[in-house]
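Peer 1: Take a look at run-v4.cif, mmCIF, C-alpha atoms:
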data_start
#
loop_
_atom_site.group_PDB
_atom_site.id
_atom_site.type_symbol
_atom_site.label_atom_id
_atom_site.label_comp_id
_atom_site.auth_asym_id
_atom_site.auth_seq_id
_atom_site.Cartn_x
_atom_site.Cartn_y
_atom_site.Cartn_z
ATOM 1 C CA MET A 789 0.000 0.000 0.000
ATOM 2 C CA ALA A 790 1.218 3.480 -0.849
ATOM 3 C CA ASP A 791 0.393 6.963 0.447
ATOM 4 C CA THR A 792 1.016 10.149 -1.514
ATOM 5 C CA VAL A 793 1.001 13.761 -0.351
ATOM 6 C CA VAL A 794 1.281 16.883 -2.495
ATOM 7 C CA THR A 795 2.849 19.937 -0.871
ATOM 8 C CA LYS A 796 2.912 23.384 -2.493
ATOM 9 C CA TRP A 797 5.017 26.389 -1.605
ATOM 10 C CA ILE A 798 2.673 29.281 -0.811
ATOM 11 C CA GLY A 799 5.320 31.938 -0.115
ATOM 12 C CA ASP A 800 8.050 32.816 2.379
ATOM 13 C CA LEU A 801 8.269 29.613 4.502
ATOM 14 C CA SER A 802 4.600 28.587 4.210
ATOM 15 C CA PHE A 803 3.528 25.354 2.566
ATOM 16 C CA ASP A 804 0.151 23.756 1.948
ATOM 17 C CA SER A 805 0.130 19.963 2.081
ATOM 18 C CA LEU A 806 -2.712 17.854 0.754
ATOM 19 C CA VAL A 807 -2.592 14.673 2.845
ATOM 20 C CA SER A 808 -5.310 11.996 2.912
ATOM 21 C CA GLY A 809 -7.603 14.542 1.209
ATOM 22 C CA HIS A 810 -7.068 17.196 3.902
ATOM 23 C CA HIS A 811 -5.096 20.431 3.727
ATOM 24 C CA VAL A 812 -2.466 21.068 6.383
ATOM 25 C CA THR A 813 -0.529 24.350 6.430
ATOM 26 C CA LEU A 814 3.095 24.271 7.552
ATOM 27 C CA ASP A 815 5.074 27.332 8.498
ATOM 28 C CA SER A 816 8.103 28.488 10.438
ATOM 29 C CA ASP A 817 8.194 31.113 13.137
ATOM 30 C CA SER A 818 9.216 34.734 12.657
ATOM 31 C CA GLN A 819 12.718 34.042 13.982
ATOM 32 C CA TYR A 820 13.425 32.154 10.747
ATOM 33 C CA GLY A 821 11.367 34.351 8.426
ATOM 34 C CA GLY A 822 8.036 32.535 8.770
ATOM 35 C CA HIS A 823 4.601 33.764 9.792
ATOM 36 C CA ASP A 824 3.492 30.921 12.093
ATOM 37 C CA ALA A 825 0.551 30.076 9.806
ATOM 38 C CA GLY A 826 0.811 26.399 10.789
ATOM 39 C CA PRO A 827 2.907 23.858 12.708
ATOM 40 C CA ARG A 828 6.629 23.262 12.240
ATOM 41 C CA PRO A 829 7.363 20.152 10.144
ATOM 42 C CA LYS A 830 9.540 18.406 12.736
ATOM 43 C CA ALA A 831 6.997 18.799 15.542
ATOM 44 C CA LEU A 832 4.457 17.206 13.220
ATOM 45 C CA LEU A 833 6.415 13.952 13.636
ATOM 46 C CA LEU A 834 5.343 13.989 17.300
ATOM 47 C CA THR A 835 1.729 14.585 16.262
ATOM 48 C CA ALA A 836 1.952 11.629 13.873
ATOM 49 C CA LEU A 837 3.459 9.463 16.617
ATOM 50 C CA THR A 838 0.727 10.255 19.143
ATOM 51 C CA GLY A 839 -2.035 9.847 16.552
ATOM 52 C CA CYS A 840 -0.717 6.495 15.372
ATOM 53 C CA SER A 841 -0.254 5.200 18.929
ATOM 54 C CA GLY A 842 -3.590 6.610 20.073
ATOM 55 C CA MET A 843 -5.590 4.985 17.270
ATOM 56 C CA ASP A 844 -3.973 1.628 17.982
ATOM 57 C CA ILE A 845 -4.549 1.907 21.728
ATOM 58 C CA VAL A 846 -8.248 2.769 21.548
ATOM 59 C CA SER A 847 -8.760 -0.010 18.987
ATOM 60 C CA ILE A 848 -7.024 -2.568 21.216
ATOM 61 C CA LEU A 849 -8.859 -1.411 24.365
ATOM 62 C CA ASN A 850 -12.136 -1.559 22.448
ATOM 63 C CA LYS A 851 -11.459 -5.233 21.662
ATOM 64 C CA MET A 852 -10.624 -5.760 25.353
ATOM 65 C CA LYS A 853 -14.040 -4.241 26.253
ATOM 66 C CA VAL A 854 -12.393 -1.375 28.132
ATOM 67 C CA GLU A 855 -14.760 1.598 27.938
ATOM 68 C CA ASP A 856 -15.585 4.944 29.575
ATOM 69 C CA TYR A 857 -12.170 6.520 29.754
ATOM 70 C CA SER A 858 -10.396 9.561 28.354
ATOM 71 C CA LEU A 859 -6.944 9.578 26.783
ATOM 72 C CA MET A 860 -4.499 12.434 26.389
ATOM 73 C CA MET A 861 -0.956 12.086 25.130
ATOM 74 C CA GLU A 862 1.940 14.448 25.585
ATOM 75 C CA ALA A 863 5.017 13.915 23.425
ATOM 76 C CA THR A 864 8.291 15.810 23.807
ATOM 77 C CA GLY A 865 11.159 15.514 21.351
ATOM 78 C CA ILE A 866 14.637 16.740 22.255
ATOM 79 C CA GLN A 867 16.744 17.908 19.326
ATOM 80 C CA THR A 868 20.395 17.391 18.588
ATOM 81 C CA GLU A 869 22.640 20.459 18.625
ATOM 82 C CA GLU A 870 24.215 19.660 15.252
ATOM 83 C CA HIS A 871 22.742 19.612 11.747
ATOM 84 C CA PRO A 872 20.697 17.849 10.605
ATOM 85 C CA LYS A 873 18.858 18.776 13.797
ATOM 86 C CA HIS A 874 16.613 15.873 14.697
ATOM 87 C CA TYR A 875 15.094 14.304 17.805
ATOM 88 C CA HIS A 876 17.507 12.044 19.651
ATOM 89 C CA THR A 877 15.013 11.355 22.458
ATOM 90 C CA ILE A 878 11.206 11.331 22.421
ATOM 91 C CA THR A 879 9.153 10.897 25.594
ATOM 92 C CA VAL A 880 5.481 10.011 25.221
ATOM 93 C CA SER A 881 3.188 10.168 28.255
ATOM 94 C CA PHE A 882 -0.119 8.348 27.856
ATOM 95 C CA LYS A 883 -2.617 9.806 30.337
ATOM 96 C CA PHE A 884 -5.786 7.833 30.954
ATOM 97 C CA ALA A 885 -8.642 8.916 33.208
ATOM 98 C CA GLY A 886 -11.780 7.090 34.284
ATOM 99 C CA LYS A 887 -13.307 4.967 37.041
ATOM 100 C CA ASN A 888 -12.056 1.452 37.811
ATOM 101 C CA LEU A 889 -9.725 1.289 34.817
ATOM 102 C CA PRO A 890 -7.899 -2.065 34.400
ATOM 103 C CA GLU A 891 -4.206 -1.179 34.732
ATOM 104 C CA ASP A 892 -3.026 -4.479 33.250
ATOM 105 C CA LYS A 893 -5.049 -4.105 30.060
ATOM 106 C CA ILE A 894 -4.052 -0.471 29.600
ATOM 107 C CA VAL A 895 -0.352 -1.260 30.010
ATOM 108 C CA LYS A 896 -0.692 -4.196 27.622
ATOM 109 C CA ALA A 897 -2.414 -2.020 24.992
ATOM 110 C CA VAL A 898 0.252 0.703 25.228
ATOM 111 C CA LYS A 899 3.060 -1.863 24.974
ATOM 112 C CA LEU A 900 1.470 -3.741 22.044
ATOM 113 C CA THR A 901 1.030 -0.473 20.198
ATOM 114 C CA ASN A 902 4.548 0.779 20.626
ATOM 115 C CA GLU A 903 6.311 -2.530 20.179
ATOM 116 C CA LYS A 904 4.191 -4.230 17.532
ATOM 117 C CA TYR A 905 1.609 -2.142 15.716
ATOM 118 C CA CYS A 906 2.473 1.523 15.390
ATOM 119 C CA GLY A 907 4.421 2.053 12.161
ATOM 120 C CA VAL A 908 5.302 5.647 13.050
ATOM 121 C CA SER A 909 6.885 4.482 16.299
ATOM 122 C CA GLU A 910 8.796 1.827 14.345
ATOM 123 C CA MET A 911 10.230 4.473 12.025
ATOM 124 C CA LEU A 912 11.104 7.115 14.602
ATOM 125 C CA ARG A 913 12.774 4.732 17.050
ATOM 126 C CA GLN A 914 15.480 3.990 14.462
ATOM 127 C CA SER A 915 16.928 7.435 15.160
ATOM 128 C CA ALA A 916 15.455 8.437 18.536
ATOM 129 C CA LYS A 917 15.204 6.722 21.884
ATOM 130 C CA ILE A 918 11.482 6.558 22.630
ATOM 131 C CA ILE A 919 10.546 6.624 26.316
ATOM 132 C CA ILE A 920 7.004 5.554 27.187
ATOM 133 C CA LYS A 921 5.165 6.594 30.360
ATOM 134 C CA VAL A 922 1.655 5.609 31.423
ATOM 135 C CA PHE A 923 -0.519 7.525 33.871
ATOM 136 C CA ILE A 924 -3.934 6.478 35.161
ATOM 137 C CA ASN A 925 -5.828 9.259 36.919
ATOM 138 C CA ASP A 926 -2.579 11.219 37.280
ATOM 139 C CA SER A 927 -0.679 8.334 38.918
ATOM 140 C CA GLU A 928 2.217 6.887 36.961
ATOM 141 C CA VAL A 929 2.034 3.116 36.620
ATOM 142 C CA ALA A 930 4.909 0.718 36.061
ATOM 143 C CA ILE A 931 5.306 -0.629 32.542
ATOM 144 C CA MET B 344 15.856 22.508 22.061
ATOM 145 C CA ALA B 345 12.659 20.560 22.724
ATOM 146 C CA ASP B 346 9.242 20.445 21.063
ATOM 147 C CA THR B 347 6.092 19.262 22.805
ATOM 148 C CA VAL B 348 2.709 18.325 21.357
ATOM 149 C CA VAL B 349 -0.487 17.494 23.249
ATOM 150 C CA THR B 350 -2.916 15.136 21.556
ATOM 151 C CA LYS B 351 -6.408 14.390 22.874
ATOM 152 C CA TRP B 352 -8.734 11.572 21.946
ATOM 153 C CA ILE B 353 -11.987 13.090 20.676
ATOM 154 C CA GLY B 354 -13.884 9.834 20.075
ATOM 155 C CA ASP B 355 -13.859 6.779 17.791
ATOM 156 C CA LEU B 356 -10.504 7.132 15.994
ATOM 157 C CA SER B 357 -10.368 10.948 15.982
ATOM 158 C CA PHE B 358 -7.636 12.896 17.764
ATOM 159 C CA ASP B 359 -6.922 16.590 18.133
ATOM 160 C CA SER B 360 -3.254 17.493 18.328
ATOM 161 C CA LEU B 361 -1.979 20.860 19.518
ATOM 162 C CA VAL B 362 1.342 21.317 17.738
ATOM 163 C CA SER B 363 3.335 24.583 17.610
ATOM 164 C CA GLY B 364 0.174 26.331 18.847
ATOM 165 C CA HIS B 365 -1.988 24.965 15.987
ATOM 166 C CA HIS B 366 -4.688 22.307 16.098
ATOM 167 C CA VAL B 367 -4.435 19.376 13.694
ATOM 168 C CA THR B 368 -7.162 16.734 13.586
ATOM 169 C CA LEU B 369 -6.140 13.146 12.869
ATOM 170 C CA ASP B 370 -8.559 10.429 11.892
ATOM 171 C CA SER B 371 -8.794 7.053 10.206
ATOM 172 C CA ASP B 372 -11.014 6.124 7.297
ATOM 173 C CA SER B 373 -14.348 4.303 7.591
ATOM 174 C CA GLN B 374 -12.745 0.964 6.712
ATOM 175 C CA TYR B 375 -11.102 1.002 10.151
ATOM 176 C CA GLY B 376 -13.938 2.674 12.056
ATOM 177 C CA GLY B 377 -12.900 6.291 11.499
ATOM 178 C CA HIS B 378 -14.755 9.254 10.008
ATOM 179 C CA ASP B 379 -12.001 10.790 7.849
ATOM 180 C CA ALA B 380 -12.101 14.036 9.873
ATOM 181 C CA GLY B 381 -8.373 14.571 9.248
ATOM 182 C CA PRO B 382 -5.246 12.984 7.776
ATOM 183 C CA ARG B 383 -3.860 9.569 8.686
ATOM 184 C CA PRO B 384 -0.913 9.778 11.109
ATOM 185 C CA LYS B 385 1.544 7.866 8.929
ATOM 186 C CA ALA B 386 0.887 9.989 5.837
ATOM 187 C CA LEU B 387 1.604 13.023 7.987
ATOM 188 C CA LEU B 388 5.256 11.856 8.063
ATOM 189 C CA LEU B 389 5.369 12.581 4.320
ATOM 190 C CA THR B 390 3.857 16.027 4.915
ATOM 191 C CA ALA B 391 6.515 16.711 7.558
ATOM 192 C CA LEU B 392 9.248 15.531 5.173
ATOM 193 C CA THR B 393 8.133 17.770 2.310
ATOM 194 C CA GLY B 394 7.614 20.757 4.627
ATOM 195 C CA CYS B 395 11.037 20.387 6.210
ATOM 196 C CA SER B 396 12.781 19.938 2.847
ATOM 197 C CA GLY B 397 10.764 22.723 1.237
ATOM 198 C CA MET B 398 11.585 25.273 3.946
ATOM 199 C CA ASP B 399 15.288 24.454 3.693
ATOM 200 C CA ILE B 400 15.302 24.623 -0.106
ATOM 201 C CA VAL B 401 13.597 28.024 -0.394
ATOM 202 C CA SER B 402 15.902 29.379 2.326
ATOM 203 C CA ILE B 403 19.010 28.125 0.519
ATOM 204 C CA LEU B 404 17.804 29.346 -2.889
ATOM 205 C CA ASN B 405 17.001 32.715 -1.332
ATOM 206 C CA LYS B 406 20.622 33.005 -0.171
ATOM 207 C CA MET B 407 21.723 32.006 -3.700
ATOM 208 C CA LYS B 408 19.583 34.864 -5.075
ATOM 209 C CA VAL B 409 17.373 32.454 -7.006
ATOM 210 C CA GLU B 410 13.932 34.047 -7.317
ATOM 211 C CA ASP B 411 10.690 33.925 -9.283
ATOM 212 C CA TYR B 412 9.966 30.226 -9.250
ATOM 213 C CA SER B 413 7.264 27.920 -7.933
ATOM 214 C CA LEU B 414 7.881 24.702 -6.007
ATOM 215 C CA MET B 415 5.621 21.708 -5.610
ATOM 216 C CA MET B 416 6.627 18.452 -3.935
ATOM 217 C CA GLU B 417 5.034 15.042 -4.303
ATOM 218 C CA ALA B 418 6.016 12.389 -1.774
ATOM 219 C CA THR B 419 4.972 8.749 -1.964
ATOM 220 C CA GLY B 420 5.623 6.229 0.804
ATOM 221 C CA ILE B 421 5.340 2.510 0.165
ATOM 222 C CA GLN B 422 4.364 0.448 3.206
ATOM 223 C CA THR B 423 5.613 -2.906 4.362
ATOM 224 C CA GLU B 424 3.152 -5.805 4.308
ATOM 225 C CA GLU B 425 3.928 -6.869 7.887
ATOM 226 C CA HIS B 426 3.263 -5.127 11.204
ATOM 227 C CA PRO B 427 4.391 -2.623 12.267
ATOM 228 C CA LYS B 428 3.427 -1.349 8.811
ATOM 229 C CA HIS B 429 5.821 1.445 7.934
ATOM 230 C CA TYR B 430 7.311 3.019 4.829
ATOM 231 C CA HIS B 431 10.254 1.063 3.455
ATOM 232 C CA THR B 432 10.658 3.415 0.459
ATOM 233 C CA ILE B 433 9.807 7.104 0.102
ATOM 234 C CA THR B 434 10.106 8.919 -3.228
ATOM 235 C CA VAL B 435 10.079 12.714 -3.173
ATOM 236 C CA SER B 436 9.751 14.638 -6.440
ATOM 237 C CA PHE B 437 10.719 18.300 -6.239
ATOM 238 C CA LYS B 438 9.017 20.159 -9.086
ATOM 239 C CA PHE B 439 10.271 23.648 -9.874
ATOM 240 C CA ALA B 440 8.804 25.957 -12.490
ATOM 241 C CA GLY B 441 9.984 29.344 -13.742
ATOM 242 C CA LYS B 442 11.974 31.080 -16.457
ATOM 243 C CA ASN B 443 15.751 30.649 -16.794
ATOM 244 C CA LEU B 444 16.122 28.670 -13.572
ATOM 245 C CA PRO B 445 19.733 27.735 -12.671
ATOM 246 C CA GLU B 446 19.739 23.928 -12.702
ATOM 247 C CA ASP B 447 23.040 23.681 -10.824
ATOM 248 C CA LYS B 448 21.869 25.822 -7.904
ATOM 249 C CA ILE B 449 18.539 24.038 -7.643
ATOM 250 C CA VAL B 450 20.186 20.606 -7.599
ATOM 251 C CA LYS B 451 22.698 21.827 -5.010
ATOM 252 C CA ALA B 452 19.914 23.197 -2.773
ATOM 253 C CA VAL B 453 17.924 19.963 -2.952
ATOM 254 C CA LYS B 454 21.007 17.864 -2.175
ATOM 255 C CA LEU B 455 22.159 20.091 0.707
ATOM 256 C CA THR B 456 18.688 19.909 2.212
ATOM 257 C CA ASN B 457 18.316 16.184 2.060
ATOM 258 C CA GLU B 458 21.878 15.284 2.964
ATOM 259 C CA LYS B 459 22.752 17.961 5.498
ATOM 260 C CA TYR B 460 19.958 20.145 6.858
ATOM 261 C CA CYS B 461 16.558 18.463 6.963
ATOM 262 C CA GLY B 462 16.145 16.718 10.315
ATOM 263 C CA VAL B 463 12.961 14.942 9.228
ATOM 264 C CA SER B 464 14.799 13.422 6.281
ATOM 265 C CA GLU B 465 17.602 12.369 8.644
ATOM 266 C CA MET B 466 15.094 10.558 10.883
ATOM 267 C CA LEU B 467 13.025 8.855 8.187
ATOM 268 C CA ARG B 468 15.986 7.602 6.153
ATOM 269 C CA GLN B 469 17.037 5.377 9.067
ATOM 270 C CA SER B 470 14.098 3.108 8.235
ATOM 271 C CA ALA B 471 13.160 4.009 4.657
ATOM 272 C CA LYS B 472 15.122 4.359 1.453
ATOM 273 C CA ILE B 473 14.513 7.949 0.321
ATOM 274 C CA ILE B 474 14.625 8.525 -3.433
ATOM 275 C CA ILE B 475 14.962 12.132 -4.586
ATOM 276 C CA LYS B 476 13.873 13.389 -8.010
ATOM 277 C CA VAL B 477 14.159 16.928 -9.345
ATOM 278 C CA PHE B 478 12.068 18.367 -12.160
ATOM 279 C CA ILE B 479 12.453 21.824 -13.715
ATOM 280 C CA ASN B 480 9.527 22.865 -15.893
ATOM 281 C CA ASP B 481 8.383 19.214 -16.089
ATOM 282 C CA SER B 482 11.779 17.895 -17.266
ATOM 283 C CA GLU B 483 13.639 15.605 -14.879
ATOM 284 C CA VAL B 484 17.195 16.715 -14.247
ATOM 285 C CA ALA B 485 20.121 14.529 -13.190
ATOM 286 C CA ILE B 486 21.143 14.785 -9.546
#
Starting from the file, lay out its structure as structure tokens.
Peer 2:
Amino acid sequence: MADTVVTKWIGDLSFDSLVSGHHVTLDSDSQYGGHDAGPRPKALLLTALTGCSGMDIVSILNKMKVEDYSLMMEATGIQTEEHPKHYHTITVSFKFAGKNLPEDKIVKAVKLTNEKYCGVSEMLRQSAKIIIKVFINDSEVAI
Amino acid sequence: MADTVVTKWIGDLSFDSLVSGHHVTLDSDSQYGGHDAGPRPKALLLTALTGCSGMDIVSILNKMKVEDYSLMMEATGIQTEEHPKHYHTITVSFKFAGKNLPEDKIVKAVKLTNEKYCGVSEMLRQSAKIIIKVFINDSEVAI
């Protein structure tokens, strides 16, 4: 299976990308001559990582009959000092909230996602160390 | 330097990601239970790659005093058959248009970007073969 995106230069450092039928604007900040009309490209890797992991996790938990919870993910990428500046470490915190949530199933779903199913995670971990953290109702749980 | 994104599960397979102060919706297609409210996470890697390369290229060409041209990029990622499904090959076509464009400077800018400056390219090429093509006014040029 193949995916194709088409990205056009709009002007200065702004680009419009047509991806999966949706337009996403990319831009740089004023420090580099941009106008902040959209996200930075590199940070979008973190968005892709959380989206990929999140979709897998809710699908797996759905099969496990885990319901009535919320999920928020926070991903931080730390860049190298030298060019090409890229993330050498990415920390993803998976924050679940809800009543009587089964810790074992949640940990299993997060692990399955990051180790087996999420293709974005598979790609990014070739160049960055990916650290996973899981929180249930603001308490970190062992994974 | 560090970047952080916050991504919230909206429902079904939809997620809202706050990245560089901008909201990006991610979703899956109906085949997997999604509603196509936004791009697929994996395809967003291709958007990030073209945005990162594009910003570098226009910056470099600006320093080289190359002006009055348009730039469009098409990136195609081919996925593996096995889980975790990821891109094993990515082809990026850089399509320039304009009058009297200096082929040597354009090729140099594209090469510098992909080999030296673009951090997204640096990350993705650890797991995918990245093939670069350059077109000037619809004619492919040797790189």
Peer 1: Expanded to explicit residues, what is the PyMOL selection byres ((chain A and resi 899) around 12) for this file, as a PyMOL selection string?
Peer 2: chain A and resi 841-842+844-845+848-849+882+892-898+900-906+909+919-922+930-931
Peer 1: Kindly provide, as a PyMOL selection string, the residues of chain A having any atom no farther than 7 Å from an atom of chain B, counting only C-alpha atoms.
Peer 2: chain A and resi 789-797+801+803+805+807-808+810+814+826-836+838-840+843+858-867+871-874+904-908+910-912+914-915
Peer 1: Which residue, A:Glu855, A:His823, A:Ser818, A:Phe884, has the smallest gap to Glu928 of chain A when you use only C-alpha atoms?
Peer 2: A:Phe884
Peer 1: Starting from the displayed file, determine the output of the PyMOL selection byres ((chain A and resi 887) around 8) and express the residue list as a PDB file with C-alpha atoms, in the coordinates of the input.
Peer 2:
ATOM      1  CA  ASP A 856     -15.585   4.944  29.575  1.00  0.00           C
ATOM      2  CA  TYR A 857     -12.170   6.520  29.754  1.00  0.00           C
ATOM      3  CA  ALA A 885      -8.642   8.916  33.208  1.00  0.00           C
ATOM      4  CA  GLY A 886     -11.780   7.090  34.284  1.00  0.00           C
ATOM      5  CA  ASN A 888     -12.056   1.452  37.811  1.00  0.00           C
ATOM      6  CA  LEU A 889      -9.725   1.289  34.817  1.00  0.00           C
TER       7      LEU A 889
END
Peer 1: To one decimal place in Å, what is the distance between atom CA of Lys853 of chain A and atom CA of Pro890 of chain A?
Peer 2: 10.4 Å
Peer 1: Given 5 Å of margin on each side, can you work out the centre and size in Å (one decimal) of an axis-aligned box holding every listed atom of segment 453-470 of chain B, as AutoDock Vina command-line options?
Peer 2:
--center_x 17.9 --center_y 11.6 --center_z 4.0 --size_x 19.8 --size_y 27.0 --size_z 23.8
